[in-house]
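Here is the structure we will look at, set down as structure tokens.
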Amino acid sequence: MAPRKVIIDTDPGLGEPGSDIDDGLAIALAVRDPRVEVLGLTIVNGNVTLETGVHVARNLADRLGVPDLPVLAGAEAPLSRDMEPVRALFEAVPGHRGRPEDQEMRAPSSSVHAADWMIEQVERFPGEITVLAIGPMTNLALAIQRSPTFAANVREFVLMAGSATGYAQNISVVGDFNTYVDPEALDEVVRSGGRLTMVGLDQTSRVLLTRADADRMLASADPFSLWAGECTHAWIDYLARAFPRRPEHADGCFLHDPLVIAAHLDPGICEWEAAHVEVEVVSDLARGLVVADRGLSLTVPGTPNATVATNTDVDAFRRLFFSRIDLSPTPDPHV
Ligand code: BDR
Ligand code: CA
């Protein structure tokens with residue numbers, strides 16, 4: 001069977017001081033899985049600035065042996081929110097160091113805006129391309145605004161956003177980072193009429209990468225795994241300082257974005273339900289809140305507009321994840 005076409009819309013920070021490693025690991029998982037063909041990486045402001053995200057993605061493509069993988073630059077900022085206060089939260093973590101200022105940054109592989117590039121690709125292959133969105137949804141919203149047929153021509157949007165079974169709770173008490181950064185953008189996506197699948201923080205917070213996993217990656221003969229193991233220790237060190245009251249971060253980090261890719265590769269990894277999904281865009285207190293109504297309350301839910309993950313087979317995820325991240329001839333079973 002021909003591999004399924006995907007575009008990964010992402011805010012990768014793997015290897016950057018104080019930046020989440022999960023986008024980079026998610027990209028590696030997809031690039032190394034023969035069931036999908038990654039057409040390109042569209043970069044969005046989020047975990048890192050747009051410029052840094054492009055730089056990280058180009059270097060990552062080299063490390064993964066796909067230097068010609070298209071890397072397109074998209075939105076530099078959310079649709080209408082100020083990014084600076086969000087960035088300041090990361091910079092306020094004790095011991096945070098930014099990147100050296102004089103470092104030369106790599107350019108995108110083309111000057112076409114990521115939203116326009118996605119529109120072009122989807123017009124070329126209508127109904128065939130799945131967009132795996134693992135950063136704030138700004139690029140997707142721009143593509144929807146710029147092309148009235150974009151959402152209908154995307155085979156499926158698979159979103160790392162919200163939480164279907166409880167509060168998301170990472171950047172804020174009710175919001176996941178991707179929604180919190182640009183709630184208006186996710187709102188556009190949710191209202192677009194496109195086919196939506198949502199994997200929320202309630203599920204992604206069940207899949208941890210621990211220091212013991214990182215030690216095994218460090219012992220691998222696969223240079224990517226070895227490097228990713230080093231980055232994993234550095235990111236857990238940062239999280240332990242950032243979240244001293246969360247015991248899971250003393251020893252591990254969440255594999256949010258890799259679970260989204262895995263759930264697309266192998267939908268049996270999650271359990272799914274239909275839901276009516278809406279995004280809070282008015283209240284400051286509830287900024288980043290995604291309400292996924294699965295019909296469990298007294299109120300009558302709206303018409304379902306999404307399929308949401310409600311449970312995860314953690315062992316099946318870990319088997320798939322490590323089989324792709326560590327390509328050494330005799331990888332450890334890890335689970
Ligand atoms: C999401 O935000 C970032 O921290 C991760 O890369 C993930 O995409 C989780 O809320
Ligand atoms: Ca991300």
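Going through the structure tokens in order, the chains are called A, B, and so on, while each chain numbers its residues from 1 and the ligands are numbered from 1 in the order shown.
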
Applying 8 Å and only C-alpha atoms, which residues near segment 62-67 of chain A remain after dropping the ones on its own chain fewer than 4 positions away? List them as a ChimeraX atom specification.
/A:28,31,58,224

How close does chain A get to ligand 1? List, as a tab-separated table, each residue of chain A within 6 Å, its nearest atom pair and the distance in Å to one decimal, counting only C-alpha atoms and all ligand atoms.
```
residue	atom	partner	partner_atom_place_in_ligand_line	distance
A:Asp20	CA	ligand 1	6 (O)	5.7
A:Asp22	CA	ligand 1	6 (O)	5.4
A:Asp23	CA	ligand 1	6 (O)	5.4
A:Ile134	CA	ligand 1	8 (O)	4.7
A:Gly135	CA	ligand 1	8 (O)	4.9
A:Met160	CA	ligand 1	8 (O)	6.0
A:Asp176	CA	ligand 1	10 (O)	4.1
A:Phe177	CA	ligand 1	10 (O)	3.9
A:Asn178	CA	ligand 1	2 (O)	5.0
A:His256	CA	ligand 1	7 (C)	5.4
A:Asp257	CA	ligand 1	8 (O)	5.3
```

Residues of chain A at most 12 Å from ligand 2: nearest atom pair and distance in Å, only C-alpha atoms and all ligand atoms, as a tab-separated table:
```
residue	atom	partner	partner_atom_place_in_ligand_line	distance
A:Ile8	CA	ligand 2	1 (Ca)	10.3
A:Asp9	CA	ligand 2	1 (Ca)	8.7
A:Thr10	CA	ligand 2	1 (Ca)	5.8
A:Asp11	CA	ligand 2	1 (Ca)	5.3
A:Pro12	CA	ligand 2	1 (Ca)	6.4
A:Gly13	CA	ligand 2	1 (Ca)	8.4
A:Leu14	CA	ligand 2	1 (Ca)	10.3
A:Ser19	CA	ligand 2	1 (Ca)	10.0
A:Asp20	CA	ligand 2	1 (Ca)	7.5
A:Ile21	CA	ligand 2	1 (Ca)	8.4
A:Asp22	CA	ligand 2	1 (Ca)	6.5
A:Asp23	CA	ligand 2	1 (Ca)	4.9
A:Gly24	CA	ligand 2	1 (Ca)	8.5
A:Leu25	CA	ligand 2	1 (Ca)	10.1
A:Ala26	CA	ligand 2	1 (Ca)	8.8
A:Ile27	CA	ligand 2	1 (Ca)	10.3
A:Thr42	CA	ligand 2	1 (Ca)	12.0
A:Ile43	CA	ligand 2	1 (Ca)	10.2
A:Val44	CA	ligand 2	1 (Ca)	9.4
A:Asn45	CA	ligand 2	1 (Ca)	9.9
A:Gly46	CA	ligand 2	1 (Ca)	7.3
A:Asn47	CA	ligand 2	1 (Ca)	6.6
A:Val48	CA	ligand 2	1 (Ca)	9.5
A:Gly53	CA	ligand 2	1 (Ca)	10.5
A:Leu132	CA	ligand 2	1 (Ca)	10.6
A:Ala133	CA	ligand 2	1 (Ca)	8.1
A:Ile134	CA	ligand 2	1 (Ca)	4.5
A:Gly135	CA	ligand 2	1 (Ca)	4.1
A:Pro136	CA	ligand 2	1 (Ca)	7.4
A:Met137	CA	ligand 2	1 (Ca)	10.2
A:Leu159	CA	ligand 2	1 (Ca)	10.2
A:Met160	CA	ligand 2	1 (Ca)	7.7
A:Ala161	CA	ligand 2	1 (Ca)	9.6
A:Asp176	CA	ligand 2	1 (Ca)	10.4
A:Phe177	CA	ligand 2	1 (Ca)	8.2
A:Asn178	CA	ligand 2	1 (Ca)	7.0
A:Thr179	CA	ligand 2	1 (Ca)	10.7
A:Val181	CA	ligand 2	1 (Ca)	11.2
A:Leu201	CA	ligand 2	1 (Ca)	11.4
A:Thr204	CA	ligand 2	1 (Ca)	11.5
A:Phe254	CA	ligand 2	1 (Ca)	11.2
A:Leu255	CA	ligand 2	1 (Ca)	9.8
A:His256	CA	ligand 2	1 (Ca)	7.6
A:Asp257	CA	ligand 2	1 (Ca)	5.9
A:Pro258	CA	ligand 2	1 (Ca)	9.3
A:Leu259	CA	ligand 2	1 (Ca)	11.2
A:Val260	CA	ligand 2	1 (Ca)	10.2
A:Ile261	CA	ligand 2	1 (Ca)	11.5
```

Keeping N, CA and C atoms, export the residues of the selection given above as a short mmCIF file (atom, residue, chain, number, x, y, z; two decimals), in the first residue's frame.
```cif
data_model
loop_
_atom_site.label_atom_id
_atom_site.label_comp_id
_atom_site.auth_asym_id
_atom_site.auth_seq_id
_atom_site.Cartn_x
_atom_site.Cartn_y
_atom_site.Cartn_z
N ILE A 8 3.35 17.91 8.68
CA ILE A 8 3.43 18.12 10.13
C ILE A 8 3.58 19.62 10.38
N ASP A 9 2.58 20.19 11.06
CA ASP A 9 2.62 21.60 11.43
C ASP A 9 3.13 21.66 12.87
N THR A 10 4.25 22.35 13.11
CA THR A 10 4.99 22.07 14.34
C THR A 10 5.80 23.26 14.83
N ASP A 11 6.14 23.23 16.13
CA ASP A 11 6.97 24.26 16.76
C ASP A 11 8.17 23.58 17.45
N PRO A 12 9.07 23.02 16.66
CA PRO A 12 10.09 22.13 17.25
C PRO A 12 11.21 22.84 18.00
N GLY A 13 11.56 22.27 19.17
CA GLY A 13 12.62 22.87 20.00
C GLY A 13 13.70 21.86 20.35
N LEU A 14 13.62 20.64 19.81
CA LEU A 14 14.58 19.59 20.20
C LEU A 14 16.02 20.06 20.03
N SER A 19 13.73 24.08 25.83
CA SER A 19 12.61 23.96 24.89
C SER A 19 12.14 22.52 24.81
N ASP A 20 10.83 22.38 24.65
CA ASP A 20 10.23 21.05 24.65
C ASP A 20 10.82 20.20 23.52
N ILE A 21 11.10 18.95 23.84
CA ILE A 21 11.73 18.05 22.86
C ILE A 21 10.70 17.25 22.07
N ASP A 22 9.40 17.36 22.44
CA ASP A 22 8.45 16.37 21.93
C ASP A 22 8.12 16.52 20.45
N ASP A 23 8.13 17.76 19.92
CA ASP A 23 7.88 17.91 18.47
C ASP A 23 8.95 17.18 17.66
N GLY A 24 10.21 17.36 18.08
CA GLY A 24 11.30 16.73 17.34
C GLY A 24 11.19 15.21 17.35
N LEU A 25 10.82 14.66 18.50
CA LEU A 25 10.67 13.20 18.59
C LEU A 25 9.47 12.74 17.76
N ALA A 26 8.43 13.57 17.72
CA ALA A 26 7.25 13.24 16.90
C ALA A 26 7.63 13.24 15.42
N ILE A 27 8.42 14.20 15.01
CA ILE A 27 8.86 14.28 13.60
C ILE A 27 9.69 13.03 13.26
N THR A 42 5.76 22.37 8.37
CA THR A 42 5.37 23.78 8.37
C THR A 42 5.55 24.28 9.80
N ILE A 43 6.32 25.34 9.92
CA ILE A 43 6.76 25.77 11.26
C ILE A 43 5.92 26.95 11.74
N VAL A 44 5.61 26.92 13.02
CA VAL A 44 4.78 27.97 13.63
C VAL A 44 5.44 28.42 14.93
N ASN A 45 5.22 29.68 15.29
CA ASN A 45 5.64 30.18 16.59
C ASN A 45 4.99 29.35 17.71
N GLY A 46 5.75 29.06 18.76
CA GLY A 46 5.16 28.29 19.87
C GLY A 46 6.19 27.99 20.93
N ASN A 47 6.59 26.73 21.05
CA ASN A 47 7.63 26.37 22.04
C ASN A 47 8.85 27.26 21.87
N VAL A 48 9.14 27.59 20.61
CA VAL A 48 10.28 28.45 20.27
C VAL A 48 9.80 29.49 19.26
N GLY A 53 12.46 27.69 15.36
CA GLY A 53 11.78 26.47 14.91
C GLY A 53 12.25 26.03 13.54
N LEU A 132 -1.03 16.89 10.52
CA LEU A 132 -0.77 16.53 11.91
C LEU A 132 -0.30 17.81 12.61
N ALA A 133 -1.17 18.41 13.41
CA ALA A 133 -0.91 19.74 13.97
C ALA A 133 -0.48 19.60 15.42
N ILE A 134 0.82 19.85 15.67
CA ILE A 134 1.36 19.61 17.02
C ILE A 134 1.94 20.88 17.63
N GLY A 135 1.52 22.02 17.11
CA GLY A 135 1.89 23.32 17.70
C GLY A 135 0.63 24.16 17.81
N PRO A 136 0.77 25.43 18.21
CA PRO A 136 -0.39 26.33 18.14
C PRO A 136 -0.94 26.33 16.71
N MET A 137 -2.25 26.55 16.57
CA MET A 137 -2.93 26.29 15.29
C MET A 137 -2.91 27.49 14.33
N LEU A 159 -5.18 16.89 15.75
CA LEU A 159 -4.74 18.02 16.57
C LEU A 159 -4.23 17.60 17.94
N MET A 160 -3.07 18.12 18.34
CA MET A 160 -2.65 18.00 19.74
C MET A 160 -3.19 19.24 20.44
N ALA A 161 -4.32 19.05 21.11
CA ALA A 161 -4.99 20.21 21.73
C ALA A 161 -5.98 19.73 22.77
N ASP A 176 -4.08 23.59 27.63
CA ASP A 176 -2.81 23.05 27.12
C ASP A 176 -2.11 24.17 26.36
N PHE A 177 -0.83 24.01 26.21
CA PHE A 177 0.00 25.07 25.62
C PHE A 177 -0.50 25.48 24.23
N ASN A 178 -0.76 24.51 23.37
CA ASN A 178 -1.10 24.84 21.98
C ASN A 178 -2.38 25.67 21.90
N THR A 179 -3.36 25.36 22.72
CA THR A 179 -4.60 26.14 22.71
C THR A 179 -4.39 27.48 23.39
N VAL A 181 -1.78 29.37 23.66
CA VAL A 181 -1.02 30.35 22.87
C VAL A 181 -1.92 31.04 21.85
N LEU A 201 -4.36 16.60 26.09
CA LEU A 201 -3.32 16.47 27.11
C LEU A 201 -3.65 15.40 28.16
N THR A 204 -2.03 12.50 26.35
CA THR A 204 -0.58 12.63 26.11
C THR A 204 0.21 12.67 27.43
N PHE A 254 6.76 14.45 29.24
CA PHE A 254 5.63 13.87 28.49
C PHE A 254 5.93 13.81 27.00
N LEU A 255 5.43 12.76 26.38
CA LEU A 255 5.57 12.60 24.92
C LEU A 255 4.26 13.02 24.25
N HIS A 256 3.88 14.30 24.47
CA HIS A 256 2.59 14.78 23.93
C HIS A 256 2.50 14.53 22.41
N ASP A 257 3.40 15.18 21.69
CA ASP A 257 3.26 15.17 20.23
C ASP A 257 3.51 13.79 19.61
N PRO A 258 4.47 13.00 20.11
CA PRO A 258 4.63 11.66 19.54
C PRO A 258 3.36 10.81 19.65
N LEU A 259 2.56 11.00 20.73
CA LEU A 259 1.33 10.20 20.81
C LEU A 259 0.36 10.58 19.68
N VAL A 260 0.36 11.84 19.30
CA VAL A 260 -0.53 12.27 18.21
C VAL A 260 -0.14 11.58 16.90
N ILE A 261 1.16 11.52 16.64
CA ILE A 261 1.63 10.85 15.43
C ILE A 261 1.30 9.35 15.51
#
```

Extract the full set of strand (DSSP E or B) residues from segment 102-322 of chain A according to DSSP on the backbone, and format it as JSON, numbers by chain.
{"A": [129, 130, 131, 132, 133, 156, 157, 158, 159, 160, 196, 197, 198, 199, 208, 209, 210, 252, 253, 254, 270, 271, 272, 273, 274, 275, 276, 277, 278, 279, 290, 291, 292, 293, 306, 307, 308, 309, 310, 311, 312]}

Find the spatial neighbours of segment 269-278 of chain A, counting only C-alpha atoms, within a cut-off of 10 Å - ignore same-chain residues fewer than 2 positions away - and output them as a PyMOL selection string.
chain A and resi 162+164+186-187+190-191+196-199+203+259-260+262-267+280-281+289-295+301-318+320
